[in-house]
Amino acid sequence: MKTREPSNLIVEVFAVAVSELVALGLSREEAVLGLLSQAAVQANPGAMVHAAVLHQKFHSDFVDS
């Protein structure tokens with residue numbers, strides 16, 4: 001079995017989770033916000049600061065133009 005980077009696995013799992021939630025009737029935005037809210041309440045404050053920095057750097061890469 002091919003070994004994958006943990007960050008790639010996380011991206012894949014997140015994409016599958018969003019897809020499954022959309023299949024259950026949520027919009028893509030509702031699915032992302034739901035997953036994000038769970039991550040936010042479980043992460044430590046330092047991780048949330050890091051997430052905000054990543055958001056500033058990379059958010060535009062994931063938004064439809």
# chains A, B, ... in the order shown; residues from 1 in each chain; ligands from 1

$ select_by_dssp --residues "chain A" --states "helix (DSSP H, G or I)" --output "PDB file with C-alpha atoms, in the first residue's frame"
ATOM      1  CA  PRO A   6      -0.833  12.992   6.753  1.00  0.00           C
ATOM      2  CA  SER A   7      -1.825  16.381   5.327  1.00  0.00           C
ATOM      3  CA  ASN A   8      -2.990  14.731   2.080  1.00  0.00           C
ATOM      4  CA  LEU A   9      -5.019  12.201   4.029  1.00  0.00           C
ATOM      5  CA  ILE A  10      -6.670  14.979   6.036  1.00  0.00           C
ATOM      6  CA  VAL A  11      -7.625  16.811   2.837  1.00  0.00           C
ATOM      7  CA  GLU A  12      -9.095  13.610   1.408  1.00  0.00           C
ATOM      8  CA  VAL A  13     -11.045  12.803   4.577  1.00  0.00           C
ATOM      9  CA  PHE A  14     -12.377  16.365   4.768  1.00  0.00           C
ATOM     10  CA  ALA A  15     -13.501  16.225   1.125  1.00  0.00           C
ATOM     11  CA  VAL A  16     -15.279  12.912   1.718  1.00  0.00           C
ATOM     12  CA  ALA A  17     -16.955  14.237   4.867  1.00  0.00           C
ATOM     13  CA  VAL A  18     -18.203  17.332   3.018  1.00  0.00           C
ATOM     14  CA  SER A  19     -19.441  15.165   0.154  1.00  0.00           C
ATOM     15  CA  GLU A  20     -21.300  12.842   2.505  1.00  0.00           C
ATOM     16  CA  LEU A  21     -22.940  15.728   4.365  1.00  0.00           C
ATOM     17  CA  VAL A  22     -24.020  17.267   1.054  1.00  0.00           C
ATOM     18  CA  ALA A  23     -25.494  13.890   0.061  1.00  0.00           C
ATOM     19  CA  ARG A  28     -21.563  22.669   0.767  1.00  0.00           C
ATOM     20  CA  GLU A  29     -21.248  25.760   2.966  1.00  0.00           C
ATOM     21  CA  GLU A  30     -23.329  24.181   5.759  1.00  0.00           C
ATOM     22  CA  ALA A  31     -21.196  21.043   5.622  1.00  0.00           C
ATOM     23  CA  VAL A  32     -17.906  22.961   5.779  1.00  0.00           C
ATOM     24  CA  LEU A  33     -19.166  25.214   8.582  1.00  0.00           C
ATOM     25  CA  GLY A  34     -20.402  22.222  10.565  1.00  0.00           C
ATOM     26  CA  LEU A  35     -17.067  20.433  10.303  1.00  0.00           C
ATOM     27  CA  LEU A  36     -15.182  23.635  11.039  1.00  0.00           C
ATOM     28  CA  SER A  37     -17.254  24.336  14.139  1.00  0.00           C
ATOM     29  CA  GLN A  38     -16.432  20.897  15.514  1.00  0.00           C
ATOM     30  CA  ALA A  39     -12.734  21.392  14.817  1.00  0.00           C
ATOM     31  CA  ALA A  40     -12.824  24.846  16.423  1.00  0.00           C
ATOM     32  CA  VAL A  41     -14.317  23.681  19.710  1.00  0.00           C
ATOM     33  CA  GLN A  42     -11.909  20.749  19.960  1.00  0.00           C
ATOM     34  CA  PRO A  45      -6.188  28.213  20.960  1.00  0.00           C
ATOM     35  CA  GLY A  46      -2.740  28.005  19.336  1.00  0.00           C
ATOM     36  CA  ALA A  47      -4.090  25.731  16.642  1.00  0.00           C
ATOM     37  CA  MET A  48      -6.876  28.194  15.928  1.00  0.00           C
ATOM     38  CA  VAL A  49      -4.340  31.018  15.499  1.00  0.00           C
ATOM     39  CA  HIS A  50      -2.431  28.805  13.062  1.00  0.00           C
ATOM     40  CA  ALA A  51      -5.689  28.046  11.227  1.00  0.00           C
ATOM     41  CA  ALA A  52      -6.423  31.772  10.883  1.00  0.00           C
ATOM     42  CA  VAL A  53      -2.980  32.338   9.340  1.00  0.00           C
ATOM     43  CA  LEU A  54      -3.547  29.476   6.894  1.00  0.00           C
ATOM     44  CA  HIS A  55      -6.949  30.894   6.025  1.00  0.00           C
ATOM     45  CA  GLN A  56      -5.415  34.258   5.135  1.00  0.00           C
ATOM     46  CA  LYS A  57      -2.757  32.616   2.977  1.00  0.00           C
ATOM     47  CA  PHE A  58      -4.773  29.976   1.137  1.00  0.00           C
ATOM     48  CA  HIS A  59      -8.510  30.721   1.254  1.00  0.00           C
ATOM     49  CA  SER A  60      -8.520  32.320  -2.188  1.00  0.00           C
ATOM     50  CA  ASP A  61      -7.206  29.049  -3.663  1.00  0.00           C
ATOM     51  CA  PHE A  62     -10.453  27.302  -2.689  1.00  0.00           C
TER      52      PHE A  62
END

$ decode --residues "range 16-58 of chain A" --atoms "N, CA and C atoms" --output "CSV table (one decimal), in the first residue's frame"
chain,number,residue,atom,x,y,z
A,16,VAL,N,-14.3,14.0,1.6
A,16,VAL,CA,-15.3,12.9,1.7
A,16,VAL,C,-16.4,13.3,2.7
A,17,ALA,N,-16.0,13.8,3.9
A,17,ALA,CA,-17.0,14.2,4.9
A,17,ALA,C,-17.9,15.3,4.3
A,18,VAL,N,-17.4,16.3,3.6
A,18,VAL,CA,-18.2,17.3,3.0
A,18,VAL,C,-19.1,16.7,2.0
A,19,SER,N,-18.6,15.8,1.2
A,19,SER,CA,-19.4,15.2,0.2
A,19,SER,C,-20.6,14.4,0.8
A,20,GLU,N,-20.3,13.6,1.8
A,20,GLU,CA,-21.3,12.8,2.5
A,20,GLU,C,-22.4,13.7,3.1
A,21,LEU,N,-22.0,14.8,3.8
A,21,LEU,CA,-22.9,15.7,4.4
A,21,LEU,C,-23.8,16.4,3.3
A,22,VAL,N,-23.2,16.7,2.2
A,22,VAL,CA,-24.0,17.3,1.1
A,22,VAL,C,-25.0,16.2,0.6
A,23,ALA,N,-24.6,15.0,0.5
A,23,ALA,CA,-25.5,13.9,0.1
A,23,ALA,C,-26.7,13.7,1.0
A,24,LEU,N,-26.4,14.1,2.3
A,24,LEU,CA,-27.5,14.0,3.3
A,24,LEU,C,-28.4,15.2,3.3
A,25,GLY,N,-28.1,16.2,2.4
A,25,GLY,CA,-29.0,17.3,2.3
A,25,GLY,C,-28.5,18.7,2.7
A,26,LEU,N,-27.3,18.7,3.2
A,26,LEU,CA,-26.7,20.0,3.6
A,26,LEU,C,-26.1,20.7,2.4
A,27,SER,N,-26.0,22.0,2.4
A,27,SER,CA,-25.3,22.7,1.3
A,27,SER,C,-23.8,22.5,1.6
A,28,ARG,N,-23.0,22.8,0.6
A,28,ARG,CA,-21.6,22.7,0.8
A,28,ARG,C,-21.1,23.6,1.9
A,29,GLU,N,-21.6,24.8,1.9
A,29,GLU,CA,-21.2,25.8,3.0
A,29,GLU,C,-21.7,25.3,4.3
A,30,GLU,N,-22.9,24.7,4.5
A,30,GLU,CA,-23.3,24.2,5.8
A,30,GLU,C,-22.4,23.0,6.2
A,31,ALA,N,-22.1,22.2,5.3
A,31,ALA,CA,-21.2,21.0,5.6
A,31,ALA,C,-19.8,21.5,6.1
A,32,VAL,N,-19.2,22.4,5.4
A,32,VAL,CA,-17.9,23.0,5.8
A,32,VAL,C,-18.0,23.7,7.1
A,33,LEU,N,-19.0,24.5,7.3
A,33,LEU,CA,-19.2,25.2,8.6
A,33,LEU,C,-19.4,24.3,9.7
A,34,GLY,N,-20.2,23.2,9.5
A,34,GLY,CA,-20.4,22.2,10.6
A,34,GLY,C,-19.1,21.5,11.0
A,35,LEU,N,-18.3,21.1,10.0
A,35,LEU,CA,-17.1,20.4,10.3
A,35,LEU,C,-16.1,21.4,11.0
A,36,LEU,N,-16.1,22.6,10.5
A,36,LEU,CA,-15.2,23.6,11.0
A,36,LEU,C,-15.6,23.9,12.5
A,37,SER,N,-16.8,24.0,12.8
A,37,SER,CA,-17.3,24.3,14.1
A,37,SER,C,-16.8,23.2,15.1
A,38,GLN,N,-16.9,22.0,14.7
A,38,GLN,CA,-16.4,20.9,15.5
A,38,GLN,C,-14.9,21.0,15.7
A,39,ALA,N,-14.2,21.3,14.7
A,39,ALA,CA,-12.7,21.4,14.8
A,39,ALA,C,-12.4,22.5,15.7
A,40,ALA,N,-13.1,23.7,15.6
A,40,ALA,CA,-12.8,24.8,16.4
A,40,ALA,C,-13.0,24.6,17.9
A,41,VAL,N,-14.1,23.9,18.3
A,41,VAL,CA,-14.3,23.7,19.7
A,41,VAL,C,-13.4,22.6,20.3
A,42,GLN,N,-12.8,21.8,19.5
A,42,GLN,CA,-11.9,20.7,20.0
A,42,GLN,C,-10.4,21.1,19.9
A,43,ALA,N,-10.1,22.1,19.1
A,43,ALA,CA,-8.7,22.5,19.0
A,43,ALA,C,-8.3,23.5,20.1
A,44,ASN,N,-7.0,23.5,20.4
A,44,ASN,CA,-6.5,24.4,21.4
A,44,ASN,C,-6.3,25.8,20.7
A,45,PRO,N,-6.2,26.9,21.5
A,45,PRO,CA,-6.2,28.2,21.0
A,45,PRO,C,-5.0,28.4,20.0
A,46,GLY,N,-3.9,27.8,20.2
A,46,GLY,CA,-2.7,28.0,19.3
A,46,GLY,C,-3.0,27.4,18.0
A,47,ALA,N,-3.7,26.3,17.9
A,47,ALA,CA,-4.1,25.7,16.6
A,47,ALA,C,-5.1,26.6,15.9
A,48,MET,N,-5.9,27.3,16.6
A,48,MET,CA,-6.9,28.2,15.9
A,48,MET,C,-6.2,29.4,15.4
A,49,VAL,N,-5.1,29.9,16.0
A,49,VAL,CA,-4.3,31.0,15.5
A,49,VAL,C,-3.7,30.6,14.2
A,50,HIS,N,-3.1,29.4,14.2
A,50,HIS,CA,-2.4,28.8,13.1
A,50,HIS,C,-3.4,28.7,11.9
A,51,ALA,N,-4.6,28.2,12.2
A,51,ALA,CA,-5.7,28.0,11.2
A,51,ALA,C,-6.1,29.4,10.6
A,52,ALA,N,-6.1,30.4,11.4
A,52,ALA,CA,-6.4,31.8,10.9
A,52,ALA,C,-5.3,32.3,9.9
A,53,VAL,N,-4.1,32.0,10.2
A,53,VAL,CA,-3.0,32.3,9.3
A,53,VAL,C,-3.1,31.6,8.0
A,54,LEU,N,-3.4,30.3,8.1
A,54,LEU,CA,-3.5,29.5,6.9
A,54,LEU,C,-4.7,30.0,6.1
A,55,HIS,N,-5.8,30.4,6.7
A,55,HIS,CA,-6.9,30.9,6.0
A,55,HIS,C,-6.6,32.1,5.2
A,56,GLN,N,-5.8,33.0,5.8
A,56,GLN,CA,-5.4,34.3,5.1
A,56,GLN,C,-4.5,33.9,3.9
A,57,LYS,N,-3.7,33.0,4.1
A,57,LYS,CA,-2.8,32.6,3.0
A,57,LYS,C,-3.4,31.9,1.8
A,58,PHE,N,-4.3,30.9,2.1
A,58,PHE,CA,-4.8,30.0,1.1
A,58,PHE,C,-6.3,30.0,0.8
